[in-house]
file model_31.cif (mmCIF, C-alpha atoms and all ligand atoms)
data_target
#
loop_
_atom_site.label_atom_id
_atom_site.label_comp_id
_atom_site.auth_asym_id
_atom_site.auth_seq_id
_atom_site.Cartn_x
_atom_site.Cartn_y
_atom_site.Cartn_z
CA MET A 1 94.20 123.41 78.81
CA ALA A 2 96.06 120.87 80.84
CA SER A 3 95.07 117.41 82.01
CA LYS A 4 95.36 115.57 85.27
CA GLU A 5 94.65 112.09 86.62
CA ILE A 6 91.73 111.83 89.03
CA ILE A 7 91.26 108.77 91.25
CA SER A 8 87.67 107.59 91.21
CA LYS A 9 88.11 104.41 93.26
CA VAL A 10 90.85 102.84 95.34
CA TRP A 11 91.04 99.43 96.95
CA ILE A 12 93.53 96.95 98.47
CA GLU A 13 93.96 93.37 97.30
CA ASP A 14 95.12 90.43 99.40
CA GLY A 15 98.78 90.17 100.30
CA CYS A 16 99.47 93.30 102.38
CA ILE A 17 102.68 92.86 104.40
CA VAL A 18 101.92 95.73 106.81
CA CYS A 19 104.96 97.75 105.86
CA ASP A 20 103.26 101.15 106.37
CA ALA A 21 104.46 102.60 103.06
CA CYS A 22 100.91 103.45 101.93
CA GLU A 23 99.95 105.15 105.17
CA THR A 24 103.11 107.19 104.96
CA ALA A 25 102.28 108.30 101.42
CA ALA A 26 98.55 108.92 101.92
CA PRO A 27 97.66 109.01 105.61
CA ASP A 28 94.12 110.31 104.96
CA VAL A 29 93.35 107.36 102.72
CA PHE A 30 95.09 104.32 104.21
CA GLU A 31 95.18 102.97 107.74
CA VAL A 32 97.51 100.16 108.77
CA LEU A 33 96.01 97.70 111.24
CA GLU A 34 97.42 94.64 112.97
CA GLU A 35 97.39 92.26 110.06
CA THR A 36 96.60 94.38 107.03
CA CYS A 37 95.87 97.82 105.70
CA ILE A 38 92.40 99.26 105.03
CA ILE A 39 90.89 102.17 103.15
CA ARG A 40 89.64 104.74 105.63
CA PRO A 41 85.82 105.12 105.42
CA ALA A 42 86.05 108.72 104.26
CA ALA A 43 88.21 107.63 101.33
CA LEU A 44 85.39 105.49 99.95
CA ASP A 45 83.88 108.77 98.74
CA VAL A 46 85.11 109.73 95.29
CA GLU A 47 85.02 113.42 96.17
CA PHE A 48 87.34 112.73 99.09
CA CYS A 49 89.81 110.88 96.89
CA LYS A 50 89.95 113.42 94.06
CA PRO A 51 92.19 115.99 95.74
CA ARG A 52 94.36 113.15 97.09
CA SER A 53 94.93 111.49 93.73
CA THR A 54 98.64 112.19 93.66
CA GLU A 55 99.11 110.75 97.13
CA ILE A 56 97.16 107.62 96.21
CA VAL A 57 99.23 107.08 93.07
CA ASP A 58 102.37 107.51 95.16
CA ALA A 59 101.10 104.98 97.71
CA ALA A 60 100.41 102.44 94.97
CA GLU A 61 103.85 102.95 93.49
CA GLU A 62 105.56 102.58 96.84
CA CYS A 63 103.69 99.45 97.90
CA PRO A 64 106.41 96.76 97.79
CA VAL A 65 103.90 94.00 97.00
CA ASP A 66 101.63 95.97 94.63
CA VAL A 67 98.35 95.29 96.39
CA ILE A 68 97.02 98.85 96.12
CA LYS A 69 94.78 99.24 93.07
CA PHE A 70 92.82 102.19 91.77
CA GLU A 71 90.65 103.41 88.93
CA SER A 72 91.35 106.79 87.47
CA THR A 73 90.20 109.10 84.72
CA THR A 74 92.12 111.81 82.97
CA VAL A 75 90.26 115.10 82.83
CA GLU A 76 91.03 118.41 81.25
CA VAL A 77 91.49 121.31 83.61
CA SER A 78 92.51 124.90 83.33
CA ASP A 79 96.17 125.70 83.62
CA ALA A 80 95.45 127.43 86.92
CA GLU A 81 93.73 124.39 88.33
CA ALA A 82 96.47 122.10 87.09
CA ALA A 83 99.03 124.33 88.76
CA ALA A 84 97.08 124.08 92.00
CA VAL A 85 97.43 120.29 92.06
CA PRO A 86 100.36 119.28 94.17
CA ALA A 87 103.03 117.96 91.87
CA ASP A 88 104.59 115.39 94.07
CA ALA A 89 104.10 114.39 97.60
CA PRO A 90 106.28 116.37 99.97
CA ALA A 91 109.66 114.97 100.80
CA SER A 92 109.96 112.94 103.91
CA ASP A 93 110.29 114.79 107.15
CA ALA A 94 111.91 111.83 108.70
CA ALA A 95 115.35 113.36 108.70
CA PRO A 96 117.85 111.60 110.88
CA ALA A 97 117.75 112.57 114.49
CA ALA A 98 120.55 114.69 115.84
CA PRO A 99 123.38 112.36 116.62
CA VAL A 100 123.76 111.42 120.22
CA VAL A 101 127.34 110.96 121.17
CA ALA A 102 127.90 107.90 123.23
CA PRO A 103 131.01 106.13 124.33
CA ALA A 104 132.48 104.07 121.59
CA LYS A 105 132.21 100.35 121.97
CA ALA A 106 135.46 98.63 121.49
CA ALA A 107 135.93 96.80 118.26
CA PRO A 108 136.64 93.15 118.81
CA ALA A 109 140.05 91.70 118.67
CA GLU A 110 140.39 90.11 115.29
CA ALA A 111 142.52 87.12 114.73
CA ALA A 112 143.81 84.39 112.50
CA PRO A 113 143.88 84.21 108.67
CA PRO A 114 140.90 82.87 106.73
CA ALA A 115 140.28 79.21 106.18
CA ALA A 116 140.53 77.80 102.69
CA ALA A 117 137.35 77.92 100.64
CA SER A 118 135.63 74.59 100.28
CA VAL A 119 132.60 75.42 98.17
CA HIS A 120 132.11 77.17 94.86
CA ALA A 121 130.00 80.25 94.48
CA SER A 122 127.73 80.08 91.47
CA THR A 123 126.27 83.55 91.15
CA ALA A 124 127.51 86.96 90.15
CA GLY A 125 125.10 88.55 92.61
CA ALA A 126 121.70 89.62 91.26
CA PRO A 127 119.84 92.15 93.42
CA ASP A 128 118.13 90.44 96.32
CA PRO A 129 114.31 90.83 95.91
CA ALA A 130 113.81 91.02 99.66
CA ILE A 131 116.42 93.75 99.99
CA ALA A 132 114.83 95.61 97.08
CA ALA A 133 111.42 95.44 98.76
CA LEU A 134 112.83 96.64 102.07
CA LEU A 135 114.71 99.47 100.40
CA LYS A 136 111.55 100.55 98.62
CA ALA A 137 109.38 100.33 101.73
CA ALA A 138 111.75 101.73 104.29
CA THR A 139 113.79 104.36 102.57
CA THR A 140 111.70 106.03 99.89
CA ARG A 141 109.90 108.21 102.39
CA GLY A 142 112.10 107.74 105.35
CA GLY A 143 110.51 104.78 107.04
CA HIS A 144 107.29 103.75 108.70
CA ALA A 145 104.23 105.85 109.17
CA GLY A 146 104.22 104.71 112.76
CA MET A 147 107.38 106.70 113.30
CA LEU A 148 106.83 110.13 114.77
CA LYS A 149 109.08 113.05 115.29
CA ASN A 150 108.97 114.29 118.85
CA ALA A 151 109.00 117.87 119.97
CA ASP A 152 112.75 117.91 120.24
CA GLY A 153 113.16 116.77 116.70
CA GLY A 154 114.34 113.38 117.74
CA MET A 155 112.75 110.22 116.50
CA ALA A 156 110.30 108.38 118.67
CA SER A 157 108.27 105.32 118.04
CA SER A 158 104.53 105.74 117.70
CA GLY A 159 104.00 103.59 120.75
CA SER A 160 101.86 101.29 118.70
CA THR A 161 101.18 97.91 120.17
CA ARG A 162 100.30 96.38 116.84
CA GLY A 163 101.70 92.89 116.48
CA ASP A 164 102.76 93.58 112.92
CA ALA A 165 105.86 92.86 110.89
CA ARG A 166 107.79 95.67 112.52
CA ASN A 167 107.84 93.74 115.76
CA LEU A 168 109.45 90.72 114.16
CA PRO A 169 113.17 90.14 114.30
CA PRO A 170 115.04 91.23 111.14
CA GLU A 171 115.27 87.74 109.66
CA ALA A 172 111.55 87.09 110.13
CA ARG A 173 110.65 90.49 108.71
CA GLN A 174 112.85 89.92 105.68
CA ALA A 175 111.36 86.45 105.21
CA LYS A 176 107.85 87.89 105.39
CA VAL A 177 108.60 90.45 102.68
CA GLN A 178 110.27 87.82 100.54
CA ALA A 179 107.36 85.40 100.94
CA ALA A 180 104.87 88.09 99.97
CA ALA A 181 106.89 89.08 96.93
CA LYS A 182 107.20 85.43 95.95
CA LYS A 183 103.46 84.88 96.32
CA ALA A 184 102.71 87.89 94.14
CA SER A 185 105.11 86.59 91.51
CA ALA A 186 103.63 83.07 91.70
CA ASP A 187 100.09 84.44 91.32
CA ALA A 188 101.14 86.39 88.25
CA ASP A 189 102.77 83.27 86.78
CA ALA A 190 99.65 81.22 87.50
CA GLY A 191 97.53 83.77 85.65
CA ARG A 192 99.83 83.73 82.65
CA ARG A 193 99.92 79.94 82.60
CA ALA A 194 96.14 79.71 82.77
CA PHE A 195 95.77 82.09 79.84
CA ALA A 196 98.46 80.36 77.82
CA SER A 197 97.06 76.93 78.66
CA SER A 198 93.61 77.85 77.44
CA GLY A 199 95.14 79.04 74.17
CA ALA A 200 97.11 75.83 73.82
CA LEU A 201 93.96 73.76 74.43
CA MET A 202 92.10 75.55 71.66
CA VAL A 203 94.99 74.98 69.28
CA GLY A 204 95.16 71.34 70.36
CA TRP A 205 91.46 70.72 69.77
CA GLY A 206 91.62 72.44 66.41
CA ALA A 207 94.53 70.31 65.35
CA PHE A 208 92.88 67.16 66.68
CA SER A 209 89.58 67.79 64.93
CA ALA A 210 91.40 68.48 61.68
CA GLY A 211 93.15 65.17 62.03
CA ALA A 212 96.50 66.77 61.38
CA GLY A 213 98.12 64.95 64.24
CA LEU A 214 100.16 67.96 65.22
CA ALA A 215 102.60 67.43 68.02
CA VAL A 216 101.12 69.72 70.65
CA GLY A 217 102.03 67.38 73.48
CA PRO A 218 105.36 68.91 74.47
CA ALA A 219 104.03 72.47 74.47
CA PHE A 220 100.94 71.47 76.41
CA THR A 221 103.05 69.57 78.91
CA ARG A 222 105.26 72.61 79.41
CA PHE A 223 102.22 74.77 80.10
CA MET A 224 100.98 72.28 82.67
CA MET A 225 104.32 72.06 84.46
CA PRO A 226 104.67 74.24 87.57
CA ASN A 227 107.32 76.94 87.41
CA VAL A 228 109.77 76.21 90.20
CA MET A 229 110.67 79.22 92.32
CA GLU A 230 114.31 78.99 93.28
CA GLU A 231 115.90 80.66 96.28
CA PRO A 232 118.71 82.99 95.24
CA ASP A 233 122.17 81.57 95.81
CA PRO A 234 123.43 83.05 99.11
CA ARG A 235 127.01 83.10 97.78
CA ILE A 236 127.82 86.30 95.94
CA ARG A 237 131.03 86.92 94.01
CA ILE A 238 132.06 90.51 94.54
CA GLY A 239 135.27 90.89 92.57
CA LYS A 240 138.98 90.72 93.20
CA LEU A 241 140.51 91.08 96.64
CA GLN A 242 142.67 93.94 95.39
CA LYS A 243 139.57 96.10 94.89
CA TYR A 244 138.92 96.00 98.63
CA SER A 245 142.47 95.84 99.93
CA GLU A 246 143.15 99.15 98.16
CA MET A 247 140.39 100.86 100.14
CA GLU A 248 141.48 103.23 102.90
CA PRO A 249 140.98 101.88 106.43
CA GLY A 250 137.59 103.18 107.53
CA GLY A 251 136.19 102.93 104.01
CA VAL A 252 132.82 101.52 103.00
CA ASN A 253 132.06 100.06 99.57
CA GLU A 254 128.35 100.15 98.69
CA ASP A 255 128.54 98.42 95.29
CA TYR A 256 126.70 95.40 96.66
CA LYS A 257 124.11 97.14 98.82
CA PRO A 258 121.33 95.90 96.46
CA GLN A 259 122.48 92.39 97.41
CA GLY A 260 122.39 93.32 101.11
CA ILE A 261 126.13 93.81 101.66
CA TRP A 262 128.42 96.63 102.71
CA MET A 263 132.12 95.83 102.23
CA ILE A 264 134.18 97.55 104.90
CA ARG A 265 137.91 98.11 105.20
CA LEU A 266 139.28 97.85 108.71
CA GLU A 267 142.87 98.35 109.81
CA ASP A 268 144.30 95.06 108.59
CA ARG A 269 141.28 93.28 107.13
CA ILE A 270 138.07 93.52 105.16
CA ALA A 271 134.65 92.24 106.20
CA ALA A 272 131.15 91.98 104.75
CA LEU A 273 128.45 93.75 106.78
CA ASN A 274 124.78 92.79 106.64
CA ILE A 275 122.89 96.02 105.83
CA ILE A 276 119.76 94.99 107.79
CA CYS A 277 119.20 97.07 110.92
CA THR A 278 119.30 94.85 113.99
CA HIS A 279 116.44 96.77 115.61
CA LEU A 280 113.43 95.94 113.42
CA GLY A 281 114.89 95.21 110.04
CA CYS A 282 114.94 98.49 108.10
CA ILE A 283 117.90 99.43 105.96
CA PRO A 284 120.22 102.15 107.30
CA ASN A 285 122.13 104.61 105.12
CA TRP A 286 125.89 105.10 105.16
CA LEU A 287 126.50 108.79 105.96
CA VAL A 288 130.04 109.26 104.78
CA ASN A 289 130.55 112.70 106.33
CA GLU A 290 129.28 111.58 109.72
CA ARG A 291 131.14 108.28 109.46
CA LYS A 292 128.17 106.22 110.51
CA TYR A 293 125.25 104.13 109.29
CA LYS A 294 121.96 105.76 110.24
CA CYS A 295 118.65 103.89 110.22
CA PRO A 296 115.75 106.03 108.91
CA CYS A 297 113.10 104.09 110.82
CA HIS A 298 113.87 104.73 114.49
CA GLY A 299 117.24 106.42 114.44
CA SER A 300 119.67 103.66 115.32
CA GLY A 301 123.27 104.52 114.51
CA TYR A 302 126.28 102.29 113.90
CA TYR A 303 129.98 103.00 113.50
CA GLN A 304 131.74 102.08 110.27
CA ASN A 305 132.75 98.71 111.72
CA GLY A 306 129.10 97.88 112.44
CA VAL A 307 129.03 98.48 116.19
CA ASN A 308 125.92 100.28 117.39
CA PHE A 309 126.18 103.43 119.49
CA GLU A 310 122.82 105.25 119.39
CA GLY A 311 119.12 104.60 118.99
CA PRO A 312 117.02 101.64 120.07
CA THR A 313 118.94 98.83 118.40
CA PRO A 314 120.25 96.36 120.96
CA ARG A 315 123.26 95.05 119.06
CA PRO A 316 125.71 95.64 116.20
CA LEU A 317 125.12 94.85 112.56
CA GLU A 318 125.93 91.30 111.54
CA ARG A 319 128.81 90.19 109.36
CA PHE A 320 128.69 87.54 106.64
CA LYS A 321 131.10 84.73 105.90
CA ILE A 322 133.76 85.82 103.40
CA TYR A 323 136.41 83.89 101.50
CA VAL A 324 138.42 83.87 98.26
CA GLU A 325 137.68 81.42 95.48
CA ASP A 326 139.68 81.38 92.24
CA GLY A 327 141.03 84.82 93.07
CA ILE A 328 137.54 86.28 93.57
CA VAL A 329 136.09 87.38 96.92
CA VAL A 330 132.90 85.52 97.78
CA VAL A 331 130.39 86.56 100.43
CA ASP A 332 128.20 83.76 101.79
CA LYS A 333 125.04 85.32 103.24
CA SER A 334 123.85 82.02 104.67
CA LYS A 335 126.46 82.24 107.43
CA LYS A 336 126.36 85.21 109.82
CA TYR A 337 128.64 86.31 112.63
CA ASN A 338 127.47 88.29 115.66
CA TYR A 339 129.74 90.61 117.62
CA GLU A 340 127.89 90.07 120.89
CA LEU A 341 128.60 86.34 120.61
CA GLY A 342 132.31 86.92 120.03
CA GLN A 343 132.02 85.62 116.46
CA TRP A 344 133.83 88.47 114.70
CA ASP A 345 137.06 86.76 115.78
CA GLN A 346 136.27 83.72 113.70
CA PRO A 347 138.62 83.45 110.67
CA SER A 348 135.87 83.10 108.09
CA SER A 349 134.26 86.38 109.16
CA PHE A 350 137.04 88.49 107.59
CA LEU A 351 139.94 88.50 105.13
CA LEU A 352 143.36 89.82 106.09
CA VAL A 353 144.75 92.31 103.56
FE1 LIG B 401 114.41 100.55 114.11
FE2 LIG B 401 116.42 100.49 112.39
S1 LIG B 401 114.61 99.36 112.33
S2 LIG B 401 116.21 101.70 114.14
#

call {"tool": "encode", "arguments": {"input": "model_31.cif", "output": "structure tokens"}}
result
Amino acid sequence: MASKEIISKVWIEDGCIVCDACETAAPDVFEVLEETCIIRPAALDVEFCKPRSTEIVDAAEECPVDVIKFESTTVEVSDAEAAAVPADAPASDAAPAAPVVAPAKAAPAEAAPPAAASVHASTAGAPDPAIAALLKAATTRGGHAGMLKNADGGMASSGSTRGDARNLPPEARQAKVQAAAKKASADADAGRRAFASSGALMVGWGAFSAGAGLAVGPAFTRFMMPNVMEEPDPRIRIGKLQKYSEMEPGGVNEDYKPQGIWMIRLEDRIAALNIICTHLGCIPNWLVNERKYKCPCHGSGYYQNGVNFEGPTPRPLERFKIYVEDGIVVVDKSKKYNYELGQWDQPSSFLLV
């Protein structure tokens, strides 16, 4: 006999960021609306959910803000029945569209040497939670459920007119994901503090009634203090200049993709690319054999230097400020440079090597 997990109830808590990951994983169960996601009426029936248990578990795991909840029971089944249960959800069919060759856009003229660094970076570069959420939502299954493959195999948008997060500019979309993740974290902290505070109160009253005069004040005060959520430092130290100057021209270093950065080697310089797609904020993949970044959401393509050449995106990827401090290359994500504004010529947008 084998066993399997059967979903008996599924629901969605507050905090949905309308990323479409759940609808992609379990389209029969979840429907993404303008402001949130709902359980389809048919999926309120336990018999409907049973054969879709694996998809529902996948959807819950892929939700970047963990608002999908479910109840399940483990039942014993025959080996034949267990074998009939789909193991894992099928792989994404959102393969990149066939590349469309378009005239190359000229890389900008790049100029003077970098200015001296004036500030000190203070972080070694922990993974950016917003980037992690976007990676999870946009790349695990190849992008949004609203994305359809057309008859020619090319990618086409669903034509949806929903005013959801996908219609926001990349910065706003990233901020929305980050805010949702922060809220979820804050709620969890609040719950832990409430539990811990109640325990501390009981200890305090016990000590008080016993007349022991125990010093519970500092601990109680700590429990009552709010935990301050700090923004991650936008300055990320990414190692010695030599590491990047030794790259071949045309190379891409993905070591800091979890922090939202691709380091690229150009003819006589290095630069730090923002990995956020300038269409609607998904995260493209670097396809080394095709020498391009390809966005899984709607098919935008960019050359190694960040200039767009296919798909719906209206402009190139952005570059971050970059400088050397104490012999270490620092990328400052708070300062961005846009090609279409002629800013890739600015000295602090690259390092000569
Ligand atoms: Fe639409 Fe990247 S988000 S192509």

call {"tool": "residues_around", "arguments": {"input": "model_31.cif", "residues": "segment 288-290 of chain A", "least_positions_apart": "6", "cutoff": "10 Å", "atoms": "only C-alpha atoms", "output": "PDB file with C-alpha atoms, in the frame of the given file"}}
result
ATOM      1  CA  PRO A  99     123.380 112.360 116.620  1.00  0.00           C
ATOM      2  CA  GLY A 251     136.190 102.930 104.010  1.00  0.00           C
ATOM      3  CA  VAL A 252     132.820 101.520 103.000  1.00  0.00           C
ATOM      4  CA  TYR A 303     129.980 103.000 113.500  1.00  0.00           C
ATOM      5  CA  GLN A 304     131.740 102.080 110.270  1.00  0.00           C
TER       6      GLN A 304
END

call {"tool": "closest_residue", "arguments": {"input": "model_31.cif", "among": "A:Ile236, A:Leu341, A:Leu135, A:Ile12", "to": "ligand LIG 401 (chain B)", "atoms": "only C-alpha atoms and all ligand atoms"}}
result
A:Leu135

call {"tool": "residues_around", "arguments": {"input": "model_31.cif", "residues": "Gly299 of chain A", "least_positions_apart": "3", "cutoff": "6 Å", "atoms": "all atoms listed in the file", "output": "list in words"}}
result
Cys295, Pro296 and Gly311 of chain A

call {"tool": "residues_near_ligand", "arguments": {"input": "model_31.cif", "ligand": "ligand LIG 401 (chain B)", "cutoff": "8 Å", "atoms": "only C-alpha atoms and all ligand atoms", "output": "NGL selection string"}}
result
:A and (166 or 276-284 or 294-301 or 311-313)

call {"tool": "atom_distance", "arguments": {"input": "model_31.cif", "atom1": "atom CA of Glu35 of chain A", "atom2": "atom CA of Arg52 of chain A"}}
result
24.8 Å

call {"tool": "atom_distance", "arguments": {"input": "model_31.cif", "atom1": "atom CA of Thr73 of chain A", "atom2": "atom CA of Ile38 of chain A"}}
result
22.7 Å

call {"tool": "closest_residue", "arguments": {"input": "model_31.cif", "among": "A:Asp128, A:Glu23, A:Asp233, A:Glu47", "to": "Tyr256 of chain A", "atoms": "only C-alpha atoms"}}
result
A:Asp128

call {"tool": "atom_distance", "arguments": {"input": "model_31.cif", "atom1": "atom CA of Asp45 of chain A", "atom2": "atom CA of Val75 of chain A"}}
result
18.3 Å

call {"tool": "closest_residue", "arguments": {"input": "model_31.cif", "among": "A:Val18, A:Gly260, A:Arg269, A:Asp28", "to": "Met247 of chain A", "atoms": "all atoms listed in the file"}}
result
A:Arg269

call {"tool": "closest_residue", "arguments": {"input": "model_31.cif", "among": "A:Leu287, A:Ala60, A:Met263, A:Ile131", "to": "Val329 of chain A", "atoms": "all atoms listed in the file"}}
result
A:Met263

call {"tool": "residues_near_point", "arguments": {"input": "model_31.cif", "point": "(128.9, 89.1, 107.2)", "cutoff": "10 Å", "atoms": "all atoms listed in the file", "output": "PyMOL selection string"}}
result
chain A and resi 260-263+271-275+317-322+331-338+344+348-350
